[in-house]
$ cat final_34.cif   # mmCIF, C-alpha atoms and all ligand atoms
data_input
loop_
_atom_site.label_atom_id
_atom_site.label_comp_id
_atom_site.auth_asym_id
_atom_site.auth_seq_id
_atom_site.Cartn_x
_atom_site.Cartn_y
_atom_site.Cartn_z
CA MET A 1 0.00 0.00 0.00
CA THR A 2 1.21 3.48 -0.87
CA LYS A 3 2.12 5.56 2.16
CA VAL A 4 1.66 9.32 2.15
CA ALA A 5 2.55 11.69 4.99
CA VAL A 6 1.39 15.29 5.34
CA VAL A 7 3.77 17.28 7.53
CA TYR A 8 2.52 20.76 8.35
CA TYR A 9 2.67 23.72 10.70
CA SER A 10 -0.34 25.77 11.77
CA GLY A 11 -0.19 28.68 14.19
CA TYR A 12 -3.93 29.25 14.67
CA GLY A 13 -5.71 26.24 13.21
CA HIS A 14 -6.49 27.38 9.67
CA THR A 15 -3.72 25.42 7.98
CA LYS A 16 -4.52 22.48 10.26
CA LEU A 17 -7.98 22.16 8.67
CA VAL A 18 -6.41 22.46 5.24
CA ALA A 19 -3.90 19.74 6.11
CA GLU A 20 -6.73 17.48 7.28
CA ASN A 21 -8.43 17.93 3.90
CA VAL A 22 -5.22 17.17 2.01
CA ALA A 23 -4.78 14.06 4.16
CA GLU A 24 -8.37 13.01 3.47
CA GLY A 25 -7.73 13.20 -0.28
CA ALA A 26 -4.42 11.38 -0.02
CA GLN A 27 -5.44 8.89 2.69
CA ALA A 28 -2.34 10.18 4.43
CA GLU A 29 -0.92 10.23 7.91
CA LEU A 30 -0.79 13.70 9.47
CA ILE A 31 2.32 14.99 11.22
CA GLU A 32 2.03 18.32 13.01
CA ILE A 33 5.06 20.55 13.50
CA ASP A 34 4.59 22.00 16.98
CA GLN A 35 4.91 25.61 18.11
CA GLU A 36 8.64 25.01 18.79
CA GLY A 37 9.18 23.75 15.25
CA ASN A 38 9.59 20.11 16.27
CA ILE A 39 7.92 16.86 15.26
CA PRO A 40 7.81 13.72 17.44
CA GLU A 41 10.89 11.51 17.06
CA ALA A 42 8.74 8.66 15.70
CA ALA A 43 7.44 10.96 12.96
CA TRP A 44 10.89 10.95 11.34
CA ASP A 45 10.42 7.18 10.88
CA THR A 46 6.98 7.81 9.37
CA LEU A 47 8.53 10.25 6.90
CA GLN A 48 11.29 7.76 6.10
CA ALA A 49 8.73 5.05 5.36
CA ALA A 50 6.51 7.31 3.25
CA ASP A 51 6.37 6.99 -0.53
CA ALA A 52 5.18 10.60 -0.72
CA ILE A 53 5.62 13.59 1.59
CA ILE A 54 3.37 16.64 1.36
CA PHE A 55 4.57 19.85 3.04
CA GLY A 56 2.08 22.37 4.43
CA ALA A 57 2.44 25.77 6.06
CA PRO A 58 0.71 29.13 6.22
CA THR A 59 2.46 32.09 4.64
CA TYR A 60 3.76 34.48 7.29
CA MET A 61 5.54 37.70 6.31
CA GLY A 62 5.85 36.51 2.72
CA SER A 63 7.28 33.07 3.41
CA ALA A 64 6.91 29.93 5.52
CA PRO A 65 6.93 30.47 9.30
CA TRP A 66 10.17 29.81 11.20
CA GLN A 67 8.72 26.63 12.69
CA PHE A 68 8.47 25.13 9.19
CA LYS A 69 11.99 26.32 8.41
CA LYS A 70 13.26 24.66 11.60
CA PHE A 71 11.69 21.40 10.40
CA ALA A 72 13.25 21.94 6.95
CA ASP A 73 16.67 22.50 8.51
CA ALA A 74 16.25 19.43 10.73
CA SER A 75 15.58 17.41 7.55
CA SER A 76 19.27 17.94 6.72
CA LYS A 77 19.83 14.69 8.64
CA PRO A 78 17.97 12.54 6.05
CA TRP A 79 19.42 14.85 3.38
CA PHE A 80 22.97 13.83 4.32
CA THR A 81 22.22 10.16 3.71
CA ARG A 82 19.95 10.80 0.67
CA ALA A 83 17.25 9.02 2.67
CA TRP A 84 14.40 10.84 0.90
CA GLN A 85 15.93 10.56 -2.59
CA ASP A 86 13.32 9.77 -5.31
CA LYS A 87 10.35 10.13 -2.99
CA VAL A 88 7.31 11.95 -4.35
CA PHE A 89 6.74 15.40 -2.84
CA GLY A 90 4.00 17.99 -2.82
CA GLY A 91 3.10 21.10 -0.88
CA PHE A 92 0.42 23.66 -0.10
CA THR A 93 0.09 27.00 1.61
CA ASN A 94 -2.68 29.06 3.14
CA SER A 95 -2.77 32.76 3.96
CA ALA A 96 -5.13 35.65 4.55
CA SER A 97 -4.74 37.59 1.30
CA LEU A 98 -5.81 36.19 -2.05
CA ASN A 99 -2.20 36.51 -3.16
CA GLY A 100 -0.28 37.41 0.02
CA ASP A 101 3.03 36.15 -1.46
CA LYS A 102 1.94 32.51 -1.21
CA GLN A 103 4.14 31.68 -4.20
CA VAL A 104 7.27 32.38 -2.16
CA THR A 105 6.25 29.67 0.30
CA MET A 106 5.47 27.27 -2.54
CA ILE A 107 8.89 27.85 -4.11
CA ALA A 108 10.56 27.21 -0.74
CA MET A 109 8.74 23.87 -0.48
CA GLN A 110 9.57 22.90 -4.07
CA THR A 111 13.21 23.77 -3.41
CA LEU A 112 13.24 21.72 -0.21
CA ALA A 113 11.89 18.74 -2.16
CA ALA A 114 14.57 19.28 -4.80
CA GLN A 115 17.29 19.44 -2.13
CA HIS A 116 16.19 15.97 -1.09
CA GLY A 117 16.28 14.70 -4.68
CA GLY A 118 12.52 14.31 -4.75
CA ILE A 119 9.92 14.32 -7.52
CA TRP A 120 7.52 17.28 -7.19
CA VAL A 121 3.83 16.89 -8.04
CA SER A 122 2.22 19.97 -9.58
CA LEU A 123 -1.39 20.94 -8.95
CA GLY A 124 -2.71 19.63 -12.26
CA GLN A 125 -5.97 21.63 -12.19
CA LEU A 126 -7.10 24.33 -14.61
CA PRO A 127 -7.59 27.73 -12.94
CA ALA A 128 -11.15 29.00 -12.48
CA ASN A 129 -10.64 32.56 -13.71
CA THR A 130 -13.63 33.51 -15.85
CA LEU A 131 -16.35 36.07 -15.12
CA ALA A 132 -18.56 33.23 -13.95
CA SER A 133 -15.95 31.78 -11.55
CA THR A 134 -16.57 31.83 -7.82
CA ARG A 135 -14.68 30.97 -4.64
CA ASP A 136 -16.54 27.65 -4.64
CA ASP A 137 -14.71 26.60 -7.79
CA VAL A 138 -11.73 24.29 -7.75
CA ASN A 139 -8.41 26.17 -8.13
CA ASN A 140 -10.08 29.57 -7.99
CA LEU A 141 -6.77 31.13 -6.84
CA GLY A 142 -5.02 29.83 -9.95
CA GLY A 143 -2.15 27.83 -8.49
CA SER A 144 0.08 25.59 -10.59
CA ALA A 145 2.90 24.37 -8.31
CA GLY A 146 0.36 23.25 -5.72
CA PRO A 147 -2.88 24.29 -4.05
CA LEU A 148 -3.27 27.82 -2.73
CA VAL A 149 -5.75 28.49 0.07
CA GLN A 150 -7.15 31.71 1.49
CA SER A 151 -8.42 32.08 5.05
CA PRO A 152 -10.06 35.44 5.82
CA SER A 153 -7.96 37.15 8.51
CA ASP A 154 -10.93 37.90 10.75
CA ALA A 155 -12.53 34.46 10.70
CA GLY A 156 -11.96 30.90 11.84
CA ALA A 157 -11.08 27.92 9.70
CA ASP A 158 -14.79 27.23 9.11
CA LYS A 159 -14.83 30.22 6.71
CA ILE A 160 -12.23 28.81 4.33
CA PRO A 161 -13.93 28.75 0.91
CA ALA A 162 -15.33 25.37 -0.14
CA GLY A 163 -13.52 25.56 -3.47
CA ASP A 164 -10.15 25.82 -1.73
CA LEU A 165 -10.83 22.75 0.41
CA GLU A 166 -11.99 20.76 -2.61
CA THR A 167 -8.83 21.88 -4.43
CA VAL A 168 -6.60 20.47 -1.67
CA ARG A 169 -8.55 17.21 -1.39
CA LEU A 170 -8.13 16.64 -5.14
CA TYR A 171 -4.44 17.51 -4.86
CA GLY A 172 -3.95 15.02 -2.04
CA ALA A 173 -5.55 12.33 -4.19
CA ARG A 174 -3.31 13.30 -7.12
CA VAL A 175 -0.12 13.02 -5.06
CA ALA A 176 -1.21 9.62 -3.73
CA SER A 177 -2.11 8.31 -7.17
CA ILE A 178 1.19 9.44 -8.71
CA ALA A 179 3.11 7.90 -5.80
CA ALA A 180 1.21 4.64 -6.34
CA ARG A 181 2.05 4.64 -10.05
CA LEU A 182 5.77 5.20 -9.37
CA LYS A 183 5.96 2.63 -6.57
C1 LIG B 201 3.02 36.66 11.76
C2 LIG B 201 2.02 36.56 10.64
C3 LIG B 201 2.39 36.93 9.37
C4 LIG B 201 1.47 36.84 8.30
N1 LIG B 201 1.88 37.17 7.04
C5 LIG B 201 1.02 36.99 6.01
C6 LIG B 201 1.44 37.23 4.67
O1 LIG B 201 2.59 37.53 4.38
N2 LIG B 201 0.52 37.09 3.67
C7 LIG B 201 -0.79 36.77 3.94
O2 LIG B 201 -1.58 36.70 3.01
N3 LIG B 201 -1.21 36.49 5.21
C8 LIG B 201 -0.32 36.58 6.23
N4 LIG B 201 -0.72 36.26 7.49
C9 LIG B 201 -2.05 35.68 7.71
C10 LIG B 201 -1.98 34.15 7.83
O3 LIG B 201 -1.34 33.58 6.72
C11 LIG B 201 -3.40 33.58 7.93
O4 LIG B 201 -4.06 34.14 9.05
C12 LIG B 201 -3.42 32.07 8.01
O5 LIG B 201 -4.73 31.60 7.85
C13 LIG B 201 -2.86 31.56 9.33
O6 LIG B 201 -2.85 30.17 9.31
P1 LIG B 201 -2.74 29.32 10.65
O7 LIG B 201 -4.01 29.59 11.44
O8 LIG B 201 -2.62 27.92 10.22
O9 LIG B 201 -1.52 29.82 11.36
C14 LIG B 201 0.17 36.37 8.57
C15 LIG B 201 -0.19 35.99 9.86
C16 LIG B 201 0.72 36.07 10.89
C17 LIG B 201 0.32 35.63 12.28
#

$ encode --input "final_34.cif" --output "structure tokens"
Amino acid sequence: MTKVAVVYYSGYGHTKLVAENVAEGAQAELIEIDQEGNIPEAAWDTLQAADAIIFGAPTYMGSAPWQFKKFADASSKPWFTRAWQDKVFGGFTNSASLNGDKQVTMIAMQTLAAQHGGIWVSLGQLPANTLASTRDDVNNLGGSAGPLVQSPSDAGADKIPAGDLETVRLYGARVASIAARLK
């Protein structure tokens, strides 16, 4: 069976809900990076055993929060031994603005996957960008590297647009299916 892990950081719960939706689509195990930027020791074994790893983080100040970066730096241990070489990777980000510099976070995740010698899975969904498009549509923020999610800054995770959550569920399924094909 194909194993997928979603490793994510969430400061205030919005990205956590997004990660849960990605994991639902991918049938993945969730690993939360805590407020100190750490994951449980056993989670490193889960990542090692995974066929695919999906990174998730909100965008803070135009990039991933330091807790995600601490996790990324800690992954230099498996990097040294090429332990994640040829795994399938994906990633997603969530932030308050429609744009909000999400792409910077996506590029950081793609680069991290490349550092590990991984195979990055793009979003693979057409953008919904016509006059008739709404926030309920899949890929209404027009991502290509991976799913982009917007959480209004003055609301809880329950106000994340339905289209964004459907986008991430489909992306999770895509990563899992590509990992299964390559296995
Ligand atoms: C320190 C900080 C910096 C932020 N910087 C950005 C930003 O650069 N762009 C943006 O669109 N939203 C920004 N936001 C808003 C968050 O991305 C947004 O509230 C997100 O839903 C938080 O996710 P979380 O609840 O998983 O932490 C920032 C929030 C915080 C707390």

$ residues_around --input "final_34.cif" --residues "stretch 3-14 of chain A" --least-positions-apart "6" --cutoff "8 Å" --atoms "only C-alpha atoms" --output "JSON, numbers by chain"
{"A": [22, 23, 26, 27, 28, 29, 30, 31, 32, 33, 34, 35, 37, 46, 47, 49, 50, 51, 52, 53, 54, 55, 56, 57, 58, 67, 68, 94, 151, 156, 157, 160, 176]}

$ residues_around --input "final_34.cif" --residues "stretch 115-122 of chain A" --least-positions-apart "5" --cutoff "8 Å" --atoms "only C-alpha atoms" --output "NGL selection string"
:A and (79 or 82-90 or 110 or 144-146 or 175 or 178)

$ write_last_selection --input "final_34.cif" --atoms "C-alpha atoms" --output "PDB file, keeping the file's coordinate frame"
ATOM      1  CA  TRP A  79      19.420  14.850   3.380  1.00  0.00           C
ATOM      2  CA  ARG A  82      19.950  10.800   0.670  1.00  0.00           C
ATOM      3  CA  ALA A  83      17.250   9.020   2.670  1.00  0.00           C
ATOM      4  CA  TRP A  84      14.400  10.840   0.900  1.00  0.00           C
ATOM      5  CA  GLN A  85      15.930  10.560  -2.590  1.00  0.00           C
ATOM      6  CA  ASP A  86      13.320   9.770  -5.310  1.00  0.00           C
ATOM      7  CA  LYS A  87      10.350  10.130  -2.990  1.00  0.00           C
ATOM      8  CA  VAL A  88       7.310  11.950  -4.350  1.00  0.00           C
ATOM      9  CA  PHE A  89       6.740  15.400  -2.840  1.00  0.00           C
ATOM     10  CA  GLY A  90       4.000  17.990  -2.820  1.00  0.00           C
ATOM     11  CA  GLN A 110       9.570  22.900  -4.070  1.00  0.00           C
ATOM     12  CA  SER A 144       0.080  25.590 -10.590  1.00  0.00           C
ATOM     13  CA  ALA A 145       2.900  24.370  -8.310  1.00  0.00           C
ATOM     14  CA  GLY A 146       0.360  23.250  -5.720  1.00  0.00           C
ATOM     15  CA  VAL A 175      -0.120  13.020  -5.060  1.00  0.00           C
ATOM     16  CA  ILE A 178       1.190   9.440  -8.710  1.00  0.00           C
TER      17      ILE A 178
END

$ atom_distance --input "final_34.cif" --atom1 "atom CA of A:Thr105" --atom2 "atom CA of A:Ala42"
26.2 Å

$ atom_distance --input "final_34.cif" --atom1 "atom C7 of ligand LIG 201 (chain B)" --atom2 "atom CA of A:Phe71"
20.8 Å

$ atom_distance --input "final_34.cif" --atom1 "atom CA of A:Asp136" --atom2 "atom CA of A:Gln150"
11.9 Å

$ closest_residue --input "final_34.cif" --among "A:Thr111, A:Asn38, A:Thr2, A:Ser153" --to "ligand LIG 201 (chain B)" --atoms "only C-alpha atoms and all ligand atoms"
A:Ser153

$ decode --input "final_34.cif" --residues "stretch 63-175 of chain A" --atoms "C-alpha atoms" --output "short mmCIF file (atom, residue, chain, number, x, y, z; two decimals), in the first residue's frame"
data_model
loop_
_atom_site.label_atom_id
_atom_site.label_comp_id
_atom_site.auth_asym_id
_atom_site.auth_seq_id
_atom_site.Cartn_x
_atom_site.Cartn_y
_atom_site.Cartn_z
CA SER A 63 7.28 33.07 3.41
CA ALA A 64 6.91 29.93 5.52
CA PRO A 65 6.93 30.47 9.30
CA TRP A 66 10.17 29.81 11.20
CA GLN A 67 8.72 26.63 12.69
CA PHE A 68 8.47 25.13 9.19
CA LYS A 69 11.99 26.32 8.41
CA LYS A 70 13.26 24.66 11.60
CA PHE A 71 11.69 21.40 10.40
CA ALA A 72 13.25 21.94 6.95
CA ASP A 73 16.67 22.50 8.51
CA ALA A 74 16.25 19.43 10.73
CA SER A 75 15.58 17.41 7.55
CA SER A 76 19.27 17.94 6.72
CA LYS A 77 19.83 14.69 8.64
CA PRO A 78 17.97 12.54 6.05
CA TRP A 79 19.42 14.85 3.38
CA PHE A 80 22.97 13.83 4.32
CA THR A 81 22.22 10.16 3.71
CA ARG A 82 19.95 10.80 0.67
CA ALA A 83 17.25 9.02 2.67
CA TRP A 84 14.40 10.84 0.90
CA GLN A 85 15.93 10.56 -2.59
CA ASP A 86 13.32 9.77 -5.31
CA LYS A 87 10.35 10.13 -2.99
CA VAL A 88 7.31 11.95 -4.35
CA PHE A 89 6.74 15.40 -2.84
CA GLY A 90 4.00 17.99 -2.82
CA GLY A 91 3.10 21.10 -0.88
CA PHE A 92 0.42 23.66 -0.10
CA THR A 93 0.09 27.00 1.61
CA ASN A 94 -2.68 29.06 3.14
CA SER A 95 -2.77 32.76 3.96
CA ALA A 96 -5.13 35.65 4.55
CA SER A 97 -4.74 37.59 1.30
CA LEU A 98 -5.81 36.19 -2.05
CA ASN A 99 -2.20 36.51 -3.16
CA GLY A 100 -0.28 37.41 0.02
CA ASP A 101 3.03 36.15 -1.46
CA LYS A 102 1.94 32.51 -1.21
CA GLN A 103 4.14 31.68 -4.20
CA VAL A 104 7.27 32.38 -2.16
CA THR A 105 6.25 29.67 0.30
CA MET A 106 5.47 27.27 -2.54
CA ILE A 107 8.89 27.85 -4.11
CA ALA A 108 10.56 27.21 -0.74
CA MET A 109 8.74 23.87 -0.48
CA GLN A 110 9.57 22.90 -4.07
CA THR A 111 13.21 23.77 -3.41
CA LEU A 112 13.24 21.72 -0.21
CA ALA A 113 11.89 18.74 -2.16
CA ALA A 114 14.57 19.28 -4.80
CA GLN A 115 17.29 19.44 -2.13
CA HIS A 116 16.19 15.97 -1.09
CA GLY A 117 16.28 14.70 -4.68
CA GLY A 118 12.52 14.31 -4.75
CA ILE A 119 9.92 14.32 -7.52
CA TRP A 120 7.52 17.28 -7.19
CA VAL A 121 3.83 16.89 -8.04
CA SER A 122 2.22 19.97 -9.58
CA LEU A 123 -1.39 20.94 -8.95
CA GLY A 124 -2.71 19.63 -12.26
CA GLN A 125 -5.97 21.63 -12.19
CA LEU A 126 -7.10 24.33 -14.61
CA PRO A 127 -7.59 27.73 -12.94
CA ALA A 128 -11.15 29.00 -12.48
CA ASN A 129 -10.64 32.56 -13.71
CA THR A 130 -13.63 33.51 -15.85
CA LEU A 131 -16.35 36.07 -15.12
CA ALA A 132 -18.56 33.23 -13.95
CA SER A 133 -15.95 31.78 -11.55
CA THR A 134 -16.57 31.83 -7.82
CA ARG A 135 -14.68 30.97 -4.64
CA ASP A 136 -16.54 27.65 -4.64
CA ASP A 137 -14.71 26.60 -7.79
CA VAL A 138 -11.73 24.29 -7.75
CA ASN A 139 -8.41 26.17 -8.13
CA ASN A 140 -10.08 29.57 -7.99
CA LEU A 141 -6.77 31.13 -6.84
CA GLY A 142 -5.02 29.83 -9.95
CA GLY A 143 -2.15 27.83 -8.49
CA SER A 144 0.08 25.59 -10.59
CA ALA A 145 2.90 24.37 -8.31
CA GLY A 146 0.36 23.25 -5.72
CA PRO A 147 -2.88 24.29 -4.05
CA LEU A 148 -3.27 27.82 -2.73
CA VAL A 149 -5.75 28.49 0.07
CA GLN A 150 -7.15 31.71 1.49
CA SER A 151 -8.42 32.08 5.05
CA PRO A 152 -10.06 35.44 5.82
CA SER A 153 -7.96 37.15 8.51
CA ASP A 154 -10.93 37.90 10.75
CA ALA A 155 -12.53 34.46 10.70
CA GLY A 156 -11.96 30.90 11.84
CA ALA A 157 -11.08 27.92 9.70
CA ASP A 158 -14.79 27.23 9.11
CA LYS A 159 -14.83 30.22 6.71
CA ILE A 160 -12.23 28.81 4.33
CA PRO A 161 -13.93 28.75 0.91
CA ALA A 162 -15.33 25.37 -0.14
CA GLY A 163 -13.52 25.56 -3.47
CA ASP A 164 -10.15 25.82 -1.73
CA LEU A 165 -10.83 22.75 0.41
CA GLU A 166 -11.99 20.76 -2.61
CA THR A 167 -8.83 21.88 -4.43
CA VAL A 168 -6.60 20.47 -1.67
CA ARG A 169 -8.55 17.21 -1.39
CA LEU A 170 -8.13 16.64 -5.14
CA TYR A 171 -4.44 17.51 -4.86
CA GLY A 172 -3.95 15.02 -2.04
CA ALA A 173 -5.55 12.33 -4.19
CA ARG A 174 -3.31 13.30 -7.12
CA VAL A 175 -0.12 13.02 -5.06
#
